[in-house]
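The file input_15.txt comes next; it holds compact mmCIF, C-alpha atoms.
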```txt
# COMPACT_ATOMS: atom_id res chain seq x y z
CA MET A 1 125.00 60.44 58.24
CA PRO A 2 123.08 61.41 61.35
CA TRP A 3 119.81 62.12 59.61
CA GLN A 4 118.27 62.64 56.21
CA SER A 5 116.74 65.98 55.47
CA SER A 6 115.44 65.67 51.96
CA ARG A 7 111.78 64.85 52.55
CA SER A 8 109.29 67.67 52.90
CA THR A 9 107.59 67.83 56.27
CA GLY A 10 105.16 70.62 55.47
CA PHE A 11 107.03 73.14 57.67
CA GLY A 12 109.03 74.92 55.02
CA ILE A 13 109.86 78.04 57.04
CA LEU A 14 110.88 76.05 60.06
CA ARG A 15 113.07 73.80 57.95
CA LYS A 16 115.27 76.76 57.02
CA GLY A 17 116.60 76.72 60.55
CA TYR A 18 115.20 79.96 61.97
CA SER A 19 113.55 78.51 65.03
CA VAL A 20 112.33 74.93 65.17
CA PRO A 21 113.49 73.07 62.06
CA LEU A 22 111.91 69.73 61.33
CA ARG A 23 113.99 66.98 59.83
CA GLU A 24 113.71 63.28 59.38
CA PHE A 25 115.63 61.08 61.78
CA SER A 26 118.14 58.50 60.48
CA TYR A 27 115.54 55.78 61.01
CA ALA A 28 111.78 55.66 61.56
CA PRO A 29 111.26 55.45 65.33
CA ASP A 30 108.55 53.08 66.54
CA GLU A 31 105.66 54.18 68.74
CA TYR A 32 107.37 53.17 71.96
CA GLU A 33 110.28 55.48 71.15
CA THR A 34 108.16 58.44 70.07
CA GLU A 35 106.17 58.15 73.30
CA LYS A 36 109.29 58.19 75.46
CA ALA A 37 110.86 61.03 73.47
CA SER A 38 107.67 63.05 73.81
CA ASN A 39 107.59 62.34 77.55
CA SER A 40 111.08 63.76 77.95
CA TYR A 41 109.68 67.17 77.02
CA LEU A 42 106.57 66.70 79.12
CA MET A 43 108.74 65.91 82.13
CA SER A 44 109.96 69.49 82.12
CA LEU A 45 106.38 70.76 81.95
CA VAL A 46 104.65 68.63 84.57
CA VAL A 47 106.79 70.13 87.30
CA ILE A 48 106.48 73.69 86.02
CA MET A 49 104.41 74.83 89.00
CA VAL A 50 107.19 73.74 91.33
CA GLY A 51 109.90 74.75 88.90
CA LEU A 52 108.86 78.39 88.68
CA PRO A 53 109.93 79.28 92.21
CA LEU A 54 112.62 76.59 92.29
CA PRO A 55 114.12 76.32 88.79
CA ILE A 56 116.45 73.46 89.80
CA VAL A 57 113.43 71.12 90.07
CA ASN A 58 112.87 71.20 86.29
CA VAL A 59 116.49 70.32 85.64
CA ILE A 60 116.39 67.49 88.19
CA ALA A 61 113.20 66.10 86.58
CA SER A 62 114.75 66.22 83.12
CA ALA A 63 118.02 64.74 84.41
CA ILE A 64 116.20 61.82 86.08
CA PHE A 65 114.36 61.11 82.85
CA TYR A 66 117.60 61.44 80.89
CA PHE A 67 119.48 58.95 83.06
CA ALA A 68 116.52 56.54 83.11
CA ASN A 69 116.62 56.47 79.31
CA LYS A 70 120.35 56.54 78.84
CA LYS A 71 120.34 53.09 77.28
CA SER A 72 117.22 53.57 75.20
CA ALA A 73 117.06 53.92 71.43
CA ARG A 74 118.92 56.85 69.88
CA PHE A 75 115.73 58.77 69.08
CA VAL A 76 114.75 58.73 72.78
CA ARG A 77 118.25 59.62 74.00
CA TRP A 78 118.52 62.41 71.48
CA HIS A 79 115.32 64.14 72.64
CA CYS A 80 116.00 63.49 76.33
CA THR A 81 119.34 65.24 75.86
CA GLN A 82 117.84 68.18 73.99
CA ALA A 83 115.19 68.63 76.73
CA LEU A 84 117.84 68.41 79.46
CA LEU A 85 120.14 70.92 77.75
CA ALA A 86 117.29 73.39 77.30
CA GLN A 87 116.39 73.09 80.98
CA GLY A 88 120.04 73.37 81.99
CA CYS A 89 120.38 76.58 80.00
CA THR A 90 117.33 78.25 81.52
CA LEU A 91 118.42 77.25 85.04
CA PRO A 92 121.07 79.98 85.58
CA VAL A 93 118.83 82.60 83.96
CA ASN A 94 115.89 81.73 86.21
CA ALA A 95 118.10 81.24 89.26
CA ALA A 96 119.53 84.75 88.80
CA GLY A 97 115.97 86.11 88.70
CA LEU A 98 115.11 84.17 91.85
CA TYR A 99 118.26 85.40 93.65
CA TRP A 100 117.50 89.00 92.66
CA THR A 101 113.88 88.66 93.85
CA LEU A 102 114.97 87.20 97.20
CA GLY A 103 117.40 90.11 97.56
CA ILE A 104 114.47 92.50 97.20
CA ILE A 105 112.28 90.53 99.61
CA PHE A 106 115.04 90.50 102.22
CA ASN A 107 115.92 94.15 101.55
CA ARG A 108 119.42 93.65 100.25
CA THR A 109 118.40 95.62 97.19
CA THR A 110 115.39 97.53 95.88
CA VAL A 111 113.08 97.19 92.89
CA SER A 112 114.64 98.90 89.88
CA ASN A 113 113.83 99.30 86.19
CA ASN A 114 116.63 96.83 85.45
CA TYR A 115 115.06 94.24 87.73
CA ILE A 116 111.60 94.60 86.17
CA ALA A 117 113.14 94.41 82.68
CA TYR A 118 115.06 91.25 83.66
CA ILE A 119 111.95 89.57 85.05
CA LEU A 120 110.00 90.45 81.87
CA THR A 121 112.86 89.06 79.74
CA ILE A 122 112.98 85.74 81.59
CA ILE A 123 109.18 85.49 81.49
CA LEU A 124 109.39 85.97 77.70
CA PHE A 125 112.15 83.38 77.32
CA ASN A 126 110.36 80.89 79.58
CA LEU A 127 107.17 81.41 77.60
CA VAL A 128 109.00 80.74 74.31
CA GLU A 129 110.58 77.66 75.85
CA PHE A 130 107.20 76.51 77.20
CA ILE A 131 105.55 76.79 73.77
CA ALA A 132 108.54 75.18 72.05
CA THR A 133 108.45 72.33 74.59
CA ILE A 134 104.76 71.64 74.02
CA TYR A 135 105.32 71.80 70.28
CA ALA A 136 108.28 69.42 70.51
CA ALA A 137 106.32 67.01 72.73
CA VAL A 138 103.44 66.87 70.23
CA GLN A 139 105.66 66.55 67.16
CA THR A 140 108.00 63.91 68.59
CA ARG A 141 104.94 61.90 69.61
CA LYS A 142 104.05 61.87 65.91
CA GLY A 143 107.55 60.62 65.14
CA LYS A 144 108.84 63.93 63.78
CA HIS A 145 112.33 65.03 64.63
CA ILE A 146 112.46 68.51 66.16
CA ILE A 147 115.77 70.34 66.21
CA TRP A 148 115.95 73.47 68.34
CA TRP A 149 118.19 76.43 67.71
CA PHE A 150 121.54 75.96 69.52
CA PHE A 151 120.35 72.95 71.56
CA GLY A 152 119.84 70.79 68.45
CA PRO A 153 123.42 71.02 67.09
CA LEU A 154 124.76 70.71 70.65
CA THR A 155 122.70 67.55 71.21
CA GLU A 156 123.90 66.17 67.88
CA MET A 157 127.44 66.64 69.01
CA LEU A 158 126.81 64.91 72.35
CA VAL A 159 124.59 61.99 71.36
CA LYS A 160 126.57 59.33 69.60
CA ALA A 161 124.92 56.95 67.14
CA MET B 1 131.36 73.32 66.79
CA ALA B 2 131.60 76.77 65.16
CA LYS B 3 127.88 76.62 64.41
CA ILE B 4 127.12 75.91 68.08
CA ILE B 5 129.25 78.86 69.21
CA VAL B 6 127.56 81.16 66.69
CA HIS B 7 124.13 79.96 67.84
CA PHE B 8 125.09 80.54 71.47
CA ILE B 9 126.36 84.06 70.75
CA VAL B 10 123.18 84.91 68.85
CA LEU B 11 121.08 83.54 71.72
CA ALA B 12 123.07 85.55 74.30
CA VAL B 13 122.92 88.74 72.21
CA PHE B 14 119.18 88.22 71.78
CA PHE B 15 118.68 87.75 75.54
CA PHE B 16 120.77 90.72 76.65
CA GLY B 17 119.39 92.83 73.79
CA ILE B 18 115.82 92.26 74.92
CA TRP B 19 116.81 92.96 78.53
CA PHE B 20 118.57 96.16 77.49
CA LEU B 21 115.62 97.33 75.38
CA LEU B 22 113.10 96.56 78.12
CA SER B 23 115.19 98.30 80.77
CA ASN B 24 114.98 101.59 78.84
CA PHE B 25 111.34 101.91 79.89
CA ASP B 26 110.84 103.72 83.20
CA TYR B 27 108.50 101.28 84.94
CA LEU B 28 108.90 102.86 88.38
CA LYS B 29 107.79 106.27 87.14
CA HIS B 30 105.06 104.86 84.92
CA PHE B 31 103.53 102.78 87.69
CA ARG B 32 104.16 105.56 90.26
CA VAL B 33 106.17 103.24 92.51
CA GLU B 34 108.65 105.96 93.50
CA GLU B 35 105.95 108.57 94.08
CA LEU B 36 104.16 106.17 96.40
CA THR B 37 107.41 105.45 98.23
CA LYS B 38 108.24 109.17 98.60
CA GLU B 39 104.77 110.03 99.88
CA THR B 40 104.86 107.11 102.31
CA GLU B 41 108.32 108.12 103.50
CA HIS B 42 107.24 111.75 103.94
CA ASN B 43 104.22 110.79 106.07
CA LEU B 44 106.24 108.31 108.09
CA GLY B 45 108.95 110.87 108.78
CA ASP B 46 106.38 113.32 110.15
CA LEU B 47 104.65 110.64 112.20
CA ILE B 48 107.82 109.33 113.86
CA LEU B 49 109.18 112.83 114.45
CA ASN B 50 105.90 113.73 116.21
CA GLU B 51 106.29 110.71 118.45
CA LEU B 52 109.87 111.69 119.35
CA GLN B 53 108.83 115.30 119.95
CA LYS B 54 106.28 114.07 122.51
CA ARG B 55 109.21 112.72 124.56
CA GLY B 56 111.38 115.79 124.16
CA GLY B 57 110.51 119.18 122.70
CA GLU B 58 112.51 121.10 120.12
CA LEU B 59 115.42 123.13 121.43
CA GLU B 60 114.56 126.82 121.41
CA SER B 61 117.92 128.29 120.59
CA ASP B 62 118.56 129.76 117.15
CA THR B 63 122.24 130.16 118.01
CA VAL B 64 122.79 126.43 118.58
CA TYR B 65 120.55 125.51 115.64
CA SER B 66 122.42 127.70 113.20
CA PHE B 67 125.77 126.44 114.51
CA ILE B 68 124.87 122.76 114.08
CA ASN B 69 123.17 123.51 110.77
CA GLY B 70 126.49 125.09 109.79
CA ILE B 71 128.32 121.81 110.53
CA LYS B 72 125.72 119.90 108.53
CA LYS B 73 126.11 122.37 105.65
CA ARG B 74 129.90 122.08 105.66
CA LEU B 75 129.69 118.28 105.57
CA CYS B 76 127.05 118.23 102.84
CA THR B 77 128.49 120.96 100.60
CA ALA B 78 131.91 119.32 100.53
CA ASN B 79 130.29 116.07 99.44
CA GLY B 80 127.91 117.38 96.79
CA ILE B 81 124.79 116.86 98.89
CA ASN B 82 122.06 119.49 99.00
CA ASP B 83 122.14 120.34 102.72
CA THR B 84 118.61 121.81 102.70
CA SER B 85 117.26 118.37 101.71
CA ILE B 86 118.21 117.13 105.20
CA THR B 87 116.13 118.70 107.97
CA LEU B 88 117.80 119.01 111.35
CA HIS B 89 115.82 118.72 114.59
CA ILE B 90 117.41 119.17 118.00
CA LEU B 91 115.32 117.63 120.75
CA VAL B 92 115.81 118.42 124.43
CA ARG B 93 116.63 115.06 126.01
CA ASP B 94 119.53 113.91 128.17
CA GLU B 95 120.04 110.68 126.19
CA VAL B 96 123.25 110.60 124.19
CA ASN B 97 121.56 109.85 120.90
CA ALA B 98 121.20 110.91 117.26
CA ILE B 99 118.72 109.35 114.84
CA ALA B 100 118.13 109.32 111.10
CA LEU B 101 114.41 109.28 110.27
CA PRO B 102 112.47 108.68 107.04
CA ASP B 103 112.08 111.67 104.70
CA ARG B 104 115.67 112.83 105.44
CA TYR B 105 115.07 114.03 109.00
CA LEU B 106 118.16 114.18 111.18
CA VAL B 107 117.36 114.24 114.90
CA VAL B 108 120.04 115.05 117.48
CA TYR B 109 119.37 114.98 121.21
CA THR B 110 120.86 117.73 123.33
CA GLY B 111 122.44 114.92 125.40
CA MET B 112 124.60 114.01 122.40
CA ILE B 113 125.69 117.61 121.77
CA GLY B 114 126.53 117.99 125.43
CA TYR B 115 128.51 114.78 125.46
CA CYS B 116 130.76 115.63 122.49
CA LYS B 117 134.02 117.25 123.56
CA SER B 118 134.44 119.12 120.30
CA PRO B 119 132.33 120.15 117.30
CA GLU B 120 134.50 117.72 115.27
CA GLU B 121 133.21 114.82 117.38
CA LEU B 122 129.66 115.98 116.82
CA SER B 123 130.33 116.29 113.08
CA GLY B 124 131.34 112.60 113.08
CA VAL B 125 128.03 111.61 114.62
CA LEU B 126 126.13 113.82 112.15
CA ALA B 127 128.11 112.41 109.20
CA HIS B 128 127.32 108.85 110.36
CA GLU B 129 123.58 109.60 110.48
CA ILE B 130 123.74 111.42 107.12
CA GLY B 131 125.37 108.21 105.83
CA HIS B 132 122.26 106.26 106.88
CA ILE B 133 120.09 108.86 105.14
CA GLU B 134 122.12 108.94 101.93
CA HIS B 135 122.24 105.15 101.65
CA GLY B 136 118.49 104.82 102.21
CA HIS B 137 119.10 102.62 105.27
CA VAL B 138 116.14 103.97 107.23
CA MET B 139 113.37 102.85 104.87
CA LYS B 140 115.28 99.66 104.09
CA ARG B 141 115.33 98.79 107.77
CA LEU B 142 111.71 99.76 108.39
CA ARG B 143 110.56 97.69 105.42
CA LYS B 144 112.42 94.73 106.88
CA GLU B 145 111.39 95.13 110.52
CA VAL B 146 107.93 96.64 110.28
CA GLY B 147 106.86 95.39 106.82
CA LEU B 148 105.82 97.41 103.78
CA SER B 149 102.07 96.93 104.23
CA MET B 150 102.26 98.13 107.84
CA LEU B 151 104.36 101.13 106.80
CA VAL B 152 101.83 102.10 104.13
CA ALA B 153 99.03 101.72 106.70
CA LEU B 154 100.99 103.85 109.19
CA ALA B 155 101.71 106.54 106.60
CA GLY B 156 98.07 106.55 105.53
CA GLY B 157 96.92 107.01 109.13
CA GLU B 158 95.21 103.60 109.15
CA ALA B 159 97.35 102.06 111.89
CA ASN B 160 96.95 102.90 115.56
CA GLY B 161 99.23 105.16 117.61
CA GLU B 162 100.81 102.27 119.45
CA ILE B 163 102.44 101.05 116.22
CA ALA B 164 103.76 104.56 115.50
CA ARG B 165 105.22 104.71 119.03
CA GLU B 166 106.77 101.27 118.62
CA THR B 167 108.29 102.28 115.27
CA ALA B 168 109.74 105.46 116.81
CA ARG B 169 111.08 103.44 119.74
CA ARG B 170 112.73 100.94 117.39
CA LEU B 171 114.44 103.65 115.36
CA SER B 172 115.73 105.44 118.43
CA SER B 173 116.77 102.47 120.53
CA THR B 174 117.96 99.70 118.24
CA ALA B 175 120.80 99.65 115.75
CA PHE B 176 120.96 98.98 112.05
CA ASP B 177 122.59 95.69 111.20
CA ARG B 178 126.38 95.44 111.23
CA GLN B 179 126.76 95.86 107.47
CA LEU B 180 124.66 99.04 107.34
CA GLU B 181 126.48 100.51 110.37
CA GLY B 182 129.79 99.76 108.64
CA GLU B 183 128.58 101.51 105.48
CA ALA B 184 127.50 104.58 107.48
CA ASP B 185 130.87 104.66 109.30
CA ALA B 186 132.83 104.46 106.04
CA PHE B 187 130.63 107.17 104.56
CA ALA B 188 131.20 109.36 107.63
CA VAL B 189 134.99 109.01 107.43
CA HIS B 190 135.02 109.97 103.76
CA MET B 191 132.52 112.78 104.32
CA MET B 192 134.56 114.28 107.15
CA ALA B 193 137.82 114.09 105.22
CA LYS B 194 136.21 115.83 102.24
CA ALA B 195 134.94 118.54 104.56
CA GLU B 196 138.45 118.95 105.98
CA ILE B 197 137.57 117.54 109.38
CA ASP B 198 139.83 114.94 110.98
CA PRO B 199 137.85 111.63 111.20
CA GLU B 200 139.86 110.71 114.29
CA ALA B 201 137.35 112.80 116.27
CA PHE B 202 134.62 110.38 115.18
CA ALA B 203 136.67 107.40 116.41
CA ASP B 204 137.30 109.29 119.69
CA VAL B 205 133.63 109.81 120.46
CA ILE B 206 132.80 106.18 119.69
CA PHE B 207 135.67 104.96 121.83
CA ARG B 208 134.65 107.16 124.77
CA LEU B 209 131.03 106.10 124.50
CA SER B 210 132.02 102.44 124.38
CA GLN B 211 133.95 102.91 127.64
CA GLU B 212 130.99 104.47 129.38
CA LYS B 213 128.08 102.44 128.10
CA ASN B 214 128.52 99.75 130.73
CA ASP B 215 128.08 102.28 133.52
CA ILE B 216 124.89 104.01 132.43
CA PRO B 217 123.54 101.98 129.52
CA LYS B 218 120.19 103.76 129.26
CA ARG B 219 121.65 107.21 128.81
CA PHE B 220 124.20 106.12 126.22
CA GLU B 221 121.66 104.55 123.93
CA TRP B 222 123.38 105.64 120.71
CA ILE B 223 126.47 103.55 121.39
CA SER B 224 124.80 100.71 123.31
CA THR B 225 122.77 99.98 120.18
CA HIS B 226 125.80 100.10 117.90
CA PRO B 227 127.66 96.78 117.86
CA ASN B 228 131.39 96.16 118.40
CA SER B 229 132.55 99.66 119.17
CA GLN B 230 136.20 98.65 119.48
CA ASP B 231 136.17 97.07 116.03
CA ARG B 232 134.42 100.11 114.65
CA CYS B 233 137.07 102.44 116.04
CA ALA B 234 139.81 100.34 114.49
CA GLU B 235 138.04 100.31 111.13
CA ILE B 236 137.43 104.08 111.25
CA LEU B 237 141.11 104.70 111.95
CA ARG B 238 142.09 102.32 109.15
CA LEU B 239 139.81 104.14 106.70
CA ARG B 240 141.13 107.48 107.92
CA LYS B 241 144.62 106.49 106.76
CA GLN B 242 143.32 106.06 103.22
CA GLU B 243 142.05 109.63 103.06
CA THR B 244 144.12 112.68 102.23
CA TYR B 245 142.85 115.91 103.72
CA MET B 246 143.80 119.18 105.37
CA SER B 247 142.20 119.53 108.78
CA ARG B 248 140.43 122.81 109.44
CA PRO B 249 138.73 123.52 112.82
CA ILE B 250 134.96 124.01 112.95
CA ALA B 251 135.00 126.39 115.91
CA ASP B 252 137.44 127.33 118.65
CA SER B 253 137.06 125.83 122.11
CA ALA B 254 135.67 129.05 123.59
CA ALA B 255 132.84 129.16 121.04
CA TRP B 256 132.10 125.47 121.59
CA ALA B 257 132.01 126.00 125.36
CA ASN B 258 129.60 128.86 124.80
CA TYR B 259 127.21 126.67 122.78
CA LYS B 260 127.29 124.04 125.50
CA LYS B 261 126.55 126.70 128.08
CA ILE B 262 123.44 127.71 126.11
CA LEU B 263 122.39 124.07 125.98
CA ARG B 264 122.88 123.66 129.72
CA GLY B 265 120.42 126.44 130.28
CA SER B 266 117.71 124.80 128.21
CA SER B 267 118.15 121.08 128.69
CA VAL B 268 118.76 118.46 131.32
CA PHE B 269 121.80 116.65 129.94
CA LEU B 270 124.54 115.63 132.33
CA LYS B 271 127.80 117.48 132.20
```
Could you spell out this file's structure in structure tokens?
Amino acid sequence: MPWQSSRSTGFGILRKGYSVPLREFSYAPDEYETEKASNSYLMSLVVIMVGLPLPIVNVIASAIFYFANKKSARFVRWHCTQALLAQGCTLPVNAAGLYWTLGIIFNRTTVSNNYIAYILTIILFNLVEFIATIYAAVQTRKGKHIIWWFFGPLTEMLVKA
Amino acid sequence: MAKIIVHFIVLAVFFFGIWFLLSNFDYLKHFRVEELTKETEHNLGDLILNELQKRGGELESDTVYSFINGIKKRLCTANGINDTSITLHILVRDEVNAIALPDRYLVVYTGMIGYCKSPEELSGVLAHEIGHIEHGHVMKRLRKEVGLSMLVALAGGEANGEIARETARRLSSTAFDRQLEGEADAFAVHMMAKAEIDPEAFADVIFRLSQEKNDIPKRFEWISTHPNSQDRCAEILRLRKQETYMSRPIADSAAWANYKKILRGSSVFLK
């Protein structure tokens, strides 16, 4: 069984799986593990100033952290993978926005309502991801297991026991 | 696995749904981006036209004006373009040149009219310039080469006359990039075919100009600024084959000779 989910965590709504469900991990991670798992999320935030214009930087940062902790405890690997997958998913979305913006700067295309709507959408999604990342970093530091929508089940499938 | 796929689909639907909903709002109109652009373009068009008119005055011949306006109208009407939205100016200069300006101004030098052997050839040149206008190439190019802030300053009268002169010189003496020229050529071929004018005439005038540009480069500015004339001719003829049309003459040779005679009396173009 990958994890136990019977104990209450105090986040009833989240536990129903709408956004950020909290569940117990299969074992109680020690402080060293929770710190590393938390850092995997922070890695994607510390480079955010660089990552905004160059979205690949966030993915590279997460990937470096992922490979550095490939042989760590499962709790650390699990959260490194979830952080990397989340960054990998936002990469094409942000890269498309960057490509579109460069096209406007270099006059290949012009500003349109579609472009503005796309930029607003990716800002919204990045903001949600930013908040979720901070939340995950704080909670994993406390030893709580955060499972994101889509990325959580995908991580579960990828990270072997 | 099924759960992951469902999650992914929900996520994608959510993303595209938000994008779709947000794109229903007219940001450009709300923030007056287009109005600003139109006003800037209008002022720029006037400014650059004034600069060109300082070098060569308007042709004072209603006969020639109405004839060339007639060609413009035929081209535009057949292609669903409001011909009155494009303002024609014929300037008395011996340079073989035609220029598309901001705010849908179409400037033709008397040198170009005099050079064309038939009204069909001239219609090709006009269709090419209308192509630049319809595709918004002029402002696109100015934004790239002059910069948006400088254009706004120019349009607002905050930049000095030297910049206006330089902008006019650029538009009249340098070409659009290869891709934009190709787009304007393709547009011209299609436009001519729709208006029942054989696009071969357009290829003819380009070919002749490309043969002569080495002799008197300054006078044949229109072609010397347009890259790879041989390739362009080949591409025009290739595109022509894709069109189906019935060719109908614009004017007989006697009428065309008469218009050129009028021009000869009022301008300095070479025969």
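Those residues that approach B:Ile90 to within 10 Å, counting all atoms listed in the file, are B:Gln53, B:Gly56, B:Gly57, B:Glu58, B:Leu59, B:Glu60, B:Ser61, B:Val64, B:Tyr65, B:Ile68, B:Leu88, B:Val92, B:Arg93, B:Ala98, B:Leu106, B:Val107, B:Val108, B:Tyr109, B:Thr110, B:Gly111, B:Met112, B:Ile113; same-chain residues fewer than 2 positions away are not listed.
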5 Å per side around stretch 186-194 of chain B: axis-aligned box centre and edge lengths, as lines of an AutoDock Vina configuration file:
```
center_x = 134.2
center_y = 110.1
center_z = 104.9
size_x = 17.2
size_y = 21.4
size_z = 15.4
```
Residue list for chain A near chain B as a list of chain:residue names, 9 Å, only C-alpha atoms: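 The selection requested is A:Ile105, A:Phe106, A:Asn107, A:Arg108, A:Thr109, A:Thr110, A:Val111, A:Ser112, A:Asn113, A:Asn114, A:Tyr115, A:Ile116, A:Ala117, A:Tyr118, A:Ile119, A:Leu120, A:Thr121, A:Ile122, A:Phe125, A:Trp149, A:Phe150, A:Phe151, A:Gly152, A:Pro153, A:Leu154, A:Met157.
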Between atom CA of B:Cys116 and atom CA of B:Ala257, what is the spacing in Å? 10.8 Å
Leaving out stretch 56-61 of chain A and any residue of its chain fewer than 4 positions from it, which residues lie within 12 Å of it when counting all atoms listed in the file, given as a tab-separated table (two decimals) with C-alpha atoms, in the coordinates of the input?
```
chain	number	residue	atom	x	y	z
A	39	ASN	CA	107.59	62.34	77.55
A	40	SER	CA	111.08	63.76	77.95
A	41	TYR	CA	109.68	67.17	77.02
A	42	LEU	CA	106.57	66.70	79.12
A	43	MET	CA	108.74	65.91	82.13
A	44	SER	CA	109.96	69.49	82.12
A	45	LEU	CA	106.38	70.76	81.95
A	46	VAL	CA	104.65	68.63	84.57
A	47	VAL	CA	106.79	70.13	87.30
A	48	ILE	CA	106.48	73.69	86.02
A	49	MET	CA	104.41	74.83	89.00
A	50	VAL	CA	107.19	73.74	91.33
A	51	GLY	CA	109.90	74.75	88.90
A	52	LEU	CA	108.86	78.39	88.68
A	65	PHE	CA	114.36	61.11	82.85
A	66	TYR	CA	117.60	61.44	80.89
A	67	PHE	CA	119.48	58.95	83.06
A	68	ALA	CA	116.52	56.54	83.11
A	80	CYS	CA	116.00	63.49	76.33
A	81	THR	CA	119.34	65.24	75.86
A	82	GLN	CA	117.84	68.18	73.99
A	83	ALA	CA	115.19	68.63	76.73
A	84	LEU	CA	117.84	68.41	79.46
A	85	LEU	CA	120.14	70.92	77.75
A	86	ALA	CA	117.29	73.39	77.30
A	87	GLN	CA	116.39	73.09	80.98
A	88	GLY	CA	120.04	73.37	81.99
A	89	CYS	CA	120.38	76.58	80.00
A	90	THR	CA	117.33	78.25	81.52
A	91	LEU	CA	118.42	77.25	85.04
A	92	PRO	CA	121.07	79.98	85.58
A	93	VAL	CA	118.83	82.60	83.96
A	94	ASN	CA	115.89	81.73	86.21
A	95	ALA	CA	118.10	81.24	89.26
A	96	ALA	CA	119.53	84.75	88.80
A	98	LEU	CA	115.11	84.17	91.85
A	130	PHE	CA	107.20	76.51	77.20
```
Do you know which residues are at most 10 Å from B:Met191 counting all atoms listed in the file, after dropping those on the same chain fewer than 3 positions away, and could you put them as a PyMOL selection string? chain B and resi 74-80+123-124+127-128+130-131+185-188+194-197+199
Any idea what's packed within 10 Å of B:Glu41, counting all atoms listed in the file, ignoring anything in its chain fewer than 2 positions away? Could you give it as a VMD selection string? chain B and resid 35 to 39 43 to 47 101 to 104 138 to 139 151 to 152 155
Atoms kept (C-alpha atoms) for selection, written as a PDB file, in the frame of the given file:
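Contents of part.pdb, freshly written:
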```pdb
ATOM      1  CA  GLU B  35     105.950 108.570  94.080  1.00  0.00           C
ATOM      2  CA  LEU B  36     104.160 106.170  96.400  1.00  0.00           C
ATOM      3  CA  THR B  37     107.410 105.450  98.230  1.00  0.00           C
ATOM      4  CA  LYS B  38     108.240 109.170  98.600  1.00  0.00           C
ATOM      5  CA  GLU B  39     104.770 110.030  99.880  1.00  0.00           C
ATOM      6  CA  ASN B  43     104.220 110.790 106.070  1.00  0.00           C
ATOM      7  CA  LEU B  44     106.240 108.310 108.090  1.00  0.00           C
ATOM      8  CA  GLY B  45     108.950 110.870 108.780  1.00  0.00           C
ATOM      9  CA  ASP B  46     106.380 113.320 110.150  1.00  0.00           C
ATOM     10  CA  LEU B  47     104.650 110.640 112.200  1.00  0.00           C
ATOM     11  CA  LEU B 101     114.410 109.280 110.270  1.00  0.00           C
ATOM     12  CA  PRO B 102     112.470 108.680 107.040  1.00  0.00           C
ATOM     13  CA  ASP B 103     112.080 111.670 104.700  1.00  0.00           C
ATOM     14  CA  ARG B 104     115.670 112.830 105.440  1.00  0.00           C
ATOM     15  CA  VAL B 138     116.140 103.970 107.230  1.00  0.00           C
ATOM     16  CA  MET B 139     113.370 102.850 104.870  1.00  0.00           C
ATOM     17  CA  LEU B 151     104.360 101.130 106.800  1.00  0.00           C
ATOM     18  CA  VAL B 152     101.830 102.100 104.130  1.00  0.00           C
ATOM     19  CA  ALA B 155     101.710 106.540 106.600  1.00  0.00           C
TER      20      ALA B 155
END
```
